[in-house]
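A.B. asks: Okay, handing you the structure first.
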Amino acid sequence: MSEFSLQQALNLALRHACEDDDRVLIFGEDVGRLGGVFRVTDGLQAKFGEQRVFDTPLAESGIMGMAVGLAMAGWRPVPEIQFDGFSYPAVDQIVNQVARMHYRSRGTLPMPITLRLPSFGGIRAPEHHSESMEALFAHVPGLKVVSPSSPAEGYHLLRQSIADPDPVIFMEPKSRYWQRESFDPDAPAEQLPVGTSRIVRPGKHATLIAWGAMVSRCLQVAELAAEDGVELEVLDLRWLKPIDADGLAESVSRTRRAVVVHEAPLTAGLGAEVSTVVTERCFDTLRAPVQRVTGFDVPYPSGALEDEYLPSIDRILTAVQTTLEYRRG
Amino acid sequence: MAEVTVPLPDLGEGLIGAKVLEWLVAEGDWVERNTPLVEVETTKSAVELPSPQSGRVTRLHVEADEELAVGEPLVTFTVDDDQAGIVGTVPAEKKPSRRVRLSLPED
Amino acid sequence: MDLTELHRLMLVARRIDEEAIALQRQGALPGYAPTKGQEAAQVGSAAALEKTRDFAFPNYRDLGVAVAMGVDLVGYLATHLGTWHGGLYDPAASRLAPFNAVVGGTVTHAVGWAMGAKLDDTGGVAITYFGDGASSQGDVHEAMNFAAVYRLPVVFFCQNNGWAISVPTERQVAGGSVAARAAGYGMEGVQVDGNDVLAVVEATREAVERGRAGGGPTVIEAMTYRMGPHSTSDDPGRYRTLEEEQAWAEKDPVARAAAQLPPEVVADAERHAAEVVREVREGVLALGDRPGEELFSFVYREPTKALLDQQRTWQESADV
């Protein structure tokens with residue numbers, strides 16, 4: 001058992017992935033000599049050489065297009081796009097090429113690409129550095145989307161994503177990069193299939209559903225709720241595509257109330273999908289409509305207004321109380 | 001924790017080395033970026049070098065009155081892993097607080 | 001490959017192209033991007049490749065490349081037939097990527113593939129096909145810059161056919177030349193008569209050898225002309241003159257090669273092309289649709305549970 005920050009856990013996962021599979025290539029802007037702007041690739045170029053860990057010119061579409069070609073040549077690319085908002089120039093390659101090549105080629109050209117994308121807000125960053133793009137990517141057939149909520153989760157989910165034969169958008173919650181946790185990366189992890197959620201904290205009165213950095217926030221809420229005698233279950237969705245419909249239904253059918261929490265804006269956010277899945281599966285047992293606590297339908301704000309935008313403890317508690325008080329007409 | 005070694009920078013005008021006149025920090029000191037680090041003498045002048053980064057000084061590679069060439073190790077820092085990335089700040093872990101209280105329904 | 005063989009391939013491309021247009025007019029093929037006039041550029045460049053280790057990344061108007069690379073033409077035409085986006089041939093085995101409609105979208109793929117080949121030290125060279133219109137795309141710039149920075153074995157083969165649908169080259173390409181852009185990336189750039197098949201072979205062979213020897217990428221701009229419409233639903237009469245089309249008809253690359261060959265060689269090539277056309281036509285008409293469950297088959301390596309649920313929904317409605 002050692003203690004790792006999320007940065008270090010992701011670094012270790014990349015290191016182990018490179019050791020286990022000599023077809024893994026790591027590339028992106030500043031990932032080589034510098035070790036990445038968040039140091040997630042620190043030391044990897046020194047260890048594995050400039051052929052396997054390399055800097056690219058500053059062009060996100062080019063990075064993803066190159067990943068497609070490398071995958072066609074039998075490599076296992078793990079590109080990084082430095083920040084969420086800068087993946088927009090690469091959306092054409094991701095949507096029109098990465099996500100479709102396996103389909104277009106009838107399975108003859110697999111795309112085992114893991115795009116590492118530092119994501120979400122919470123660090124008082126400049127504009128375009130705090131975007132939540134999960135709904136956009138989850139909407140695209142052929143992609144898988146995942147976001148870890150802790151160092152141990154980061155380690156295992158990144159290993160799983162790199163080993164996966166399909167393209168995965170790996171959304172790293174950058175506000176949690178410095179969070180520490182003790183775990184043994186060498187201990188055999190439970191091999192959960194892609195698309196499996198996990199219960200982080202059991203409870204019986206309502207289920208809080210979250211991913212990425214919002215899992216920690218929901219755990220804080222559950223701790224406070226316990227002081228009031230309310231036992232909240234916290235479900236870490238992990239995989240935003242495919243979504244664990246069975247896991248959601250299992251939890252909510254017990255607690256009979258659900259609140260989904262995300263940083264992204266409300267309208268057409270992934271919370272709408274989660275809410276629908278829960279409602280379809282649990283309509284008869286639900287005691288209240290599924291509540292959504294999200295960012296607002298505004299551009300991600302400056303640091304000074306960030307706390308106003310992000311789902312706060314009080315907003316989540318209020319939504320929980322709404323489900324507790326709800327009475328069917 | 002990670003170690004970062006800073007070499008003697010190129011002081012310009014084709015100078016290839018310098019002599020350390022006086023260290024302005026000691027091993028074990030915490031220094032901020034741009035803190036005066038060392039006074040060195042070149043064939044042209046004496047100059048004060050500011051620290052290129054923050055960190056704890058773990059090793060001074062040369063004694064006062066010794067000479068070193070451009071590119072040779074000057075000082076080693078231990079830096080915290082918890083440094084922010086290229087943008088933004090490390091979020092502070094605050095004790096959670098709230099105004100809203102919950103109450104269970106009666107049934 | 002000598003002129004006899006090159007002409008033979010060009011003639012096959014010409015006659016298949018004509019057949020595809022005929023099939024479209026007969027309602028058997030929903031749409032097609034005619035290649036007439038560009039056969040020398042396509043066949044000549046593809047003929048310079050080694051099929052064991054090189055790889056080609058075509059766009060949607062590169063039938064001649066497919067012909068020269070020996071790709072199963074029924075499988076290739078399956079894209080235009082609307083049977084399957086990307087066709088039914090095996091792109092990995094054929095060394096020809098499945099084309100798609102994103103203009104310039106596959107140029108960066110050639111760069112990545114070339115890097116992979118370089119890392120594996122196979123000596124393989126990637127050739128990417130794009131047009132004067134695609135040269136305006138940012139991806140083409142990114143690809144050229146990446147390839148030059150890494151000195152990768154890539155041939156950027158631009159077929160400048162004069163028109164990007166209705167926009168002429170002078171309204172598309174600043175500076176008037178795609179080849180000239182190579183200088184900005186520190187790589188070789190050449191303009192070649194794209195209707196002279198031997199000149200195209202020579203220029204491409206030189207570029208491929210340069211890439212193989214570690215000399216980095218090359219831009220080749222083959223000056224040619226799209227003698228037909230952009231697609232079977234385009235009307236070039238709305239944007240260009242008959243005089244221009246007639247002037248280029250004089251430079252028809254297939255006729256130009258034929259003029260240098262004995263009549264009996266040309267006659268033999270016609271017989272061969274007619275035979276290929278007959279086989280392809282029969283193959284196309286017999287192809288049929290893919291089974292409906294293939295909607296779901298290739299989205300992921302293994303279908304997700306959600307996708308299997310959707311497939312069940314489809315199956316239930318199909319069974320009603």
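A note on labels: chains of the structure tokens are A, B, ... as shown, every chain counts residues from 1, and ligands are counted from 1 in their shown order.
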Which residues are near Ser54 in chain B? Cut-off 7 Å, only C-alpha atoms, ignore same chain within fewer than 6 positions. Put them as an MDAnalysis selection string.

C.D. replies: chainID B and resid 31:33

A.B. asks: Might you pull out every residue within 7 Å of range 58-68 of chain B, with only C-alpha atoms counted and same-chain residues fewer than 4 positions away left off, and present them as a PDB file with C-alpha atoms, in the first residue's frame?

C.D. replies:
```pdb
ATOM      1  CA  GLY B  17      31.661  30.182 -16.721  1.00  0.00           C
ATOM      2  CA  ALA B  18      31.548  32.095 -13.472  1.00  0.00           C
ATOM      3  CA  LYS B  19      32.868  32.097  -9.925  1.00  0.00           C
ATOM      4  CA  VAL B  20      30.543  31.896  -6.954  1.00  0.00           C
ATOM      5  CA  LEU B  21      31.103  34.926  -4.729  1.00  0.00           C
ATOM      6  CA  GLU B  22      28.442  34.334  -2.148  1.00  0.00           C
ATOM      7  CA  TRP B  23      25.455  32.085  -1.623  1.00  0.00           C
ATOM      8  CA  GLU B  27      20.685  24.181   2.156  1.00  0.00           C
ATOM      9  CA  GLY B  28      17.331  23.588   3.799  1.00  0.00           C
ATOM     10  CA  GLU B  72      27.086  22.601 -14.782  1.00  0.00           C
ATOM     11  CA  PRO B  73      24.851  21.920 -11.763  1.00  0.00           C
ATOM     12  CA  LEU B  74      24.462  24.951  -9.529  1.00  0.00           C
ATOM     13  CA  VAL B  75      21.702  24.111  -7.080  1.00  0.00           C
ATOM     14  CA  THR B  76      19.192  21.325  -6.479  1.00  0.00           C
ATOM     15  CA  PHE B  77      15.683  21.963  -5.207  1.00  0.00           C
ATOM     16  CA  THR B  78      13.137  19.604  -3.784  1.00  0.00           C
TER      17      THR B  78
END
```

A.B. asks: List every residue of range 92-303 of chain A that DSSP, applied to the backbone of this structure, assigns to strand (DSSP E or B), and report them as a VMD selection string.

C.D. replies: chain A and resid 114 to 119 144 to 146 168 to 173 180 to 183 198 to 201 206 to 210 232 to 236 239 to 241 258 to 265 291 to 295

A.B. asks: Would you write out those residues with C-alpha atoms, as a short mmCIF file (atom, residue, chain, number, x, y, z; two decimals), in the first residue's frame?

C.D. replies:
```cif
data_model
loop_
_atom_site.label_atom_id
_atom_site.label_comp_id
_atom_site.auth_asym_id
_atom_site.auth_seq_id
_atom_site.Cartn_x
_atom_site.Cartn_y
_atom_site.Cartn_z
CA THR A 114 -7.44 6.30 -25.27
CA LEU A 115 -7.75 10.07 -25.39
CA ARG A 116 -6.66 11.52 -22.05
CA LEU A 117 -8.56 14.75 -21.52
CA PRO A 118 -8.06 16.85 -18.38
CA SER A 119 -11.64 17.93 -17.77
CA LYS A 144 -16.73 5.04 -24.81
CA VAL A 145 -16.47 7.73 -22.13
CA VAL A 146 -15.20 7.38 -18.57
CA VAL A 168 -12.17 5.72 -24.98
CA ILE A 169 -12.44 9.37 -23.95
CA PHE A 170 -10.79 9.40 -20.53
CA MET A 171 -11.92 12.54 -18.69
CA GLU A 172 -9.55 13.37 -15.84
CA PRO A 173 -11.17 15.55 -13.14
CA ARG A 180 -4.46 11.46 -2.20
CA GLU A 181 -5.45 7.90 -1.51
CA SER A 182 -3.67 4.74 -0.38
CA PHE A 183 -3.96 1.70 -2.56
CA ARG A 198 -19.85 1.39 -8.08
CA ILE A 199 -21.53 2.24 -4.81
CA VAL A 200 -19.10 4.48 -2.93
CA ARG A 201 -21.29 4.83 0.15
CA ALA A 206 -31.95 8.42 -1.72
CA THR A 207 -29.20 7.80 -4.28
CA LEU A 208 -26.82 10.57 -5.30
CA ILE A 209 -25.47 9.80 -8.78
CA ALA A 210 -22.25 11.51 -9.87
CA LEU A 232 -27.74 8.89 1.27
CA GLU A 233 -26.28 6.32 -1.09
CA VAL A 234 -23.54 7.66 -3.39
CA LEU A 235 -23.21 5.97 -6.77
CA ASP A 236 -20.11 6.71 -8.83
CA TRP A 239 -18.63 5.09 -17.29
CA LEU A 240 -20.63 7.79 -19.02
CA LYS A 241 -20.90 5.54 -22.04
CA ALA A 258 -32.48 9.81 -7.00
CA VAL A 259 -30.54 13.02 -7.49
CA VAL A 260 -28.02 13.26 -10.32
CA VAL A 261 -25.21 15.79 -9.98
CA HIS A 262 -22.89 17.09 -12.69
CA GLU A 263 -20.77 20.12 -13.51
CA ALA A 264 -21.97 20.44 -17.09
CA PRO A 265 -24.86 22.77 -17.97
CA GLN A 291 -33.77 15.68 -9.50
CA ARG A 292 -30.84 17.22 -11.37
CA VAL A 293 -28.26 19.47 -9.71
CA THR A 294 -25.94 20.81 -12.40
CA GLY A 295 -24.06 23.76 -13.74
#
```

A.B. asks: Between A:Arg238, A:Arg23, A:Arg124, A:Arg106, single out the one closest to Arg76 in chain A, counting only C-alpha atoms.

C.D. replies: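 Ranked by minimum distance to Arg76 in chain A, first place goes to A:Arg23.
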
A.B. asks: With chain C as the partner and 6 Å as the cut-off, tabulate the residues of chain A that qualify, each row holding the nearest pair of atoms and their distance in Å to one decimal, using only C-alpha atoms, sorted by chain and rising number, as a Markdown table.

C.D. replies:
```
| residue | atom | partner | partner_atom | distance |
| --- | --- | --- | --- | --- |
| A:Gly62 | CA | C:Glu142 | CA | 5.5 |
| A:Gly65 | CA | C:Thr108 | CA | 4.8 |
| A:Met66 | CA | C:Gly112 | CA | 3.8 |
| A:Val68 | CA | C:His109 | CA | 5.6 |
| A:Gly69 | CA | C:Gly112 | CA | 4.0 |
| A:Leu70 | CA | C:Gly112 | CA | 4.6 |
| A:Ala73 | CA | C:Trp113 | CA | 5.4 |
| A:Tyr103 | CA | C:Phe298 | CA | 4.6 |
| A:Arg104 | CA | C:Gly86 | CA | 4.9 |
| A:Arg106 | CA | C:Phe298 | CA | 5.7 |
| A:Gly107 | CA | C:Phe298 | CA | 5.7 |
| A:Gly142 | CA | C:Val299 | CA | 5.1 |
```

A.B. asks: Kindly determine which residues of chain B lie within 9 Å of chain A, considering only C-alpha atoms, and give the answer as a ChimeraX atom specification.

C.D. replies: /B:81-91,96-105

A.B. asks: I'd like to know which residues of range 20-64 of chain C are alpha helix (DSSP H) (by DSSP, run on the backbone); could you write them as a list in words?

C.D. replies: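 Result set for range 20-64 of chain C (alpha helix (DSSP H)): Ala20, Ile21, Ala22, Leu23, Gln24, Arg25, Glu39, Ala40, Ala41, Gln42, Val43, Gly44, Ser45, Ala46, Ala47, Leu63 and Gly64 of chain C.
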
A.B. asks: Would you put the residues from that selection into a file with N, CA and C atoms, as a CSV table (one decimal), in the first residue's frame?

C.D. replies:
```csv
chain,number,residue,atom,x,y,z
C,20,ALA,N,-20.2,3.0,-63.9
C,20,ALA,CA,-20.8,3.5,-62.7
C,20,ALA,C,-21.8,4.6,-63.0
C,21,ILE,N,-21.4,5.5,-63.9
C,21,ILE,CA,-22.3,6.5,-64.3
C,21,ILE,C,-23.6,5.9,-64.9
C,22,ALA,N,-23.4,4.9,-65.8
C,22,ALA,CA,-24.5,4.3,-66.4
C,22,ALA,C,-25.4,3.6,-65.4
C,23,LEU,N,-24.8,3.0,-64.4
C,23,LEU,CA,-25.6,2.3,-63.3
C,23,LEU,C,-26.3,3.3,-62.5
C,24,GLN,N,-25.7,4.5,-62.3
C,24,GLN,CA,-26.5,5.5,-61.6
C,24,GLN,C,-27.7,6.0,-62.4
C,25,ARG,N,-27.5,6.2,-63.7
C,25,ARG,CA,-28.6,6.6,-64.6
C,25,ARG,C,-29.7,5.6,-64.6
C,39,GLU,N,-7.3,9.7,-64.5
C,39,GLU,CA,-6.8,8.3,-64.5
C,39,GLU,C,-5.3,8.3,-64.4
C,40,ALA,N,-4.6,9.2,-65.1
C,40,ALA,CA,-3.1,9.1,-65.2
C,40,ALA,C,-2.6,9.4,-63.8
C,41,ALA,N,-3.1,10.5,-63.2
C,41,ALA,CA,-2.6,10.9,-61.8
C,41,ALA,C,-2.8,9.7,-60.8
C,42,GLN,N,-4.0,9.1,-60.9
C,42,GLN,CA,-4.3,8.0,-59.9
C,42,GLN,C,-3.6,6.7,-60.2
C,43,VAL,N,-3.6,6.3,-61.4
C,43,VAL,CA,-3.0,5.0,-61.7
C,43,VAL,C,-1.5,5.2,-61.6
C,44,GLY,N,-1.0,6.3,-62.1
C,44,GLY,CA,0.5,6.5,-62.1
C,44,GLY,C,1.1,6.5,-60.7
C,45,SER,N,0.4,7.2,-59.8
C,45,SER,CA,0.9,7.3,-58.5
C,45,SER,C,0.8,6.0,-57.7
C,46,ALA,N,-0.3,5.3,-57.9
C,46,ALA,CA,-0.5,4.1,-57.2
C,46,ALA,C,0.5,3.0,-57.7
C,47,ALA,N,0.8,3.1,-59.0
C,47,ALA,CA,1.7,2.1,-59.6
C,47,ALA,C,3.1,2.2,-59.0
C,63,LEU,N,-11.0,6.1,-57.9
C,63,LEU,CA,-11.2,4.8,-58.5
C,63,LEU,C,-9.9,4.3,-59.1
C,64,GLY,N,-9.2,5.1,-59.8
C,64,GLY,CA,-8.0,4.7,-60.5
C,64,GLY,C,-7.0,4.1,-59.5
```

A.B. asks: Which residues, written as a list in words, have at least one atom at most 12 Å from Asp193 in chain C, with only C-alpha atoms counted and residues fewer than 3 positions away on the same chain left out?

C.D. replies: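 Answer for this query is Gln38, Ala40, Ala41, Gly44, Cys158, Gln159, Asn160, Asn161, Val190, Asp196, Val197, Leu198, Ala199, Val200, Val201, Glu202, Ala203, Thr204, Ile220, Glu221, Ala222, Met223, Thr224, Tyr225, Lys251, Asp252 and Pro253 of chain C.
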
A.B. asks: Residues within 8 Å of Ser253 in chain A, please, as a list in words. Count only C-alpha atoms; anything in the same chain fewer than 5 positions from it doesn't count.

C.D. replies: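 Here the qualifying residues turn out to be Cys282, Thr285 and Leu286 of chain A.
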
A.B. asks: Keeping only C-alpha atoms, write those residues as a PDB file, in the first residue's frame.

C.D. replies:
```pdb
ATOM      1  CA  CYS A 282     -37.810   2.449 -11.635  1.00  0.00           C
ATOM      2  CA  THR A 285     -40.870   2.368  -7.191  1.00  0.00           C
ATOM      3  CA  LEU A 286     -39.799   6.018  -7.424  1.00  0.00           C
TER       4      LEU A 286
END
```

A.B. asks: Set the distance at 6 Å and use only C-alpha atoms: which residues neighbour range 274-286 of chain C once local chain neighbours fewer than 3 positions away are removed? I'd like the list as a PyMOL selection string.

C.D. replies: chain C and resi 16+74+271

A.B. asks: Export, as an mmCIF file, in the first residue's frame, the selected residues with N, CA and C atoms.

C.D. replies:
```cif
data_model
loop_
_atom_site.group_PDB
_atom_site.id
_atom_site.type_symbol
_atom_site.label_atom_id
_atom_site.label_comp_id
_atom_site.auth_asym_id
_atom_site.auth_seq_id
_atom_site.Cartn_x
_atom_site.Cartn_y
_atom_site.Cartn_z
ATOM 1 N N ILE C 16 -14.826 1.440 -66.095
ATOM 2 C CA ILE C 16 -15.605 1.214 -64.859
ATOM 3 C C ILE C 16 -16.308 2.514 -64.465
ATOM 4 N N VAL C 74 -15.914 -4.490 -56.891
ATOM 5 C CA VAL C 74 -17.305 -4.546 -56.420
ATOM 6 C C VAL C 74 -17.346 -4.087 -54.963
ATOM 7 N N ARG C 271 -10.522 -4.924 -74.874
ATOM 8 C CA ARG C 271 -11.183 -6.217 -74.623
ATOM 9 C C ARG C 271 -11.100 -6.579 -73.142
#
```
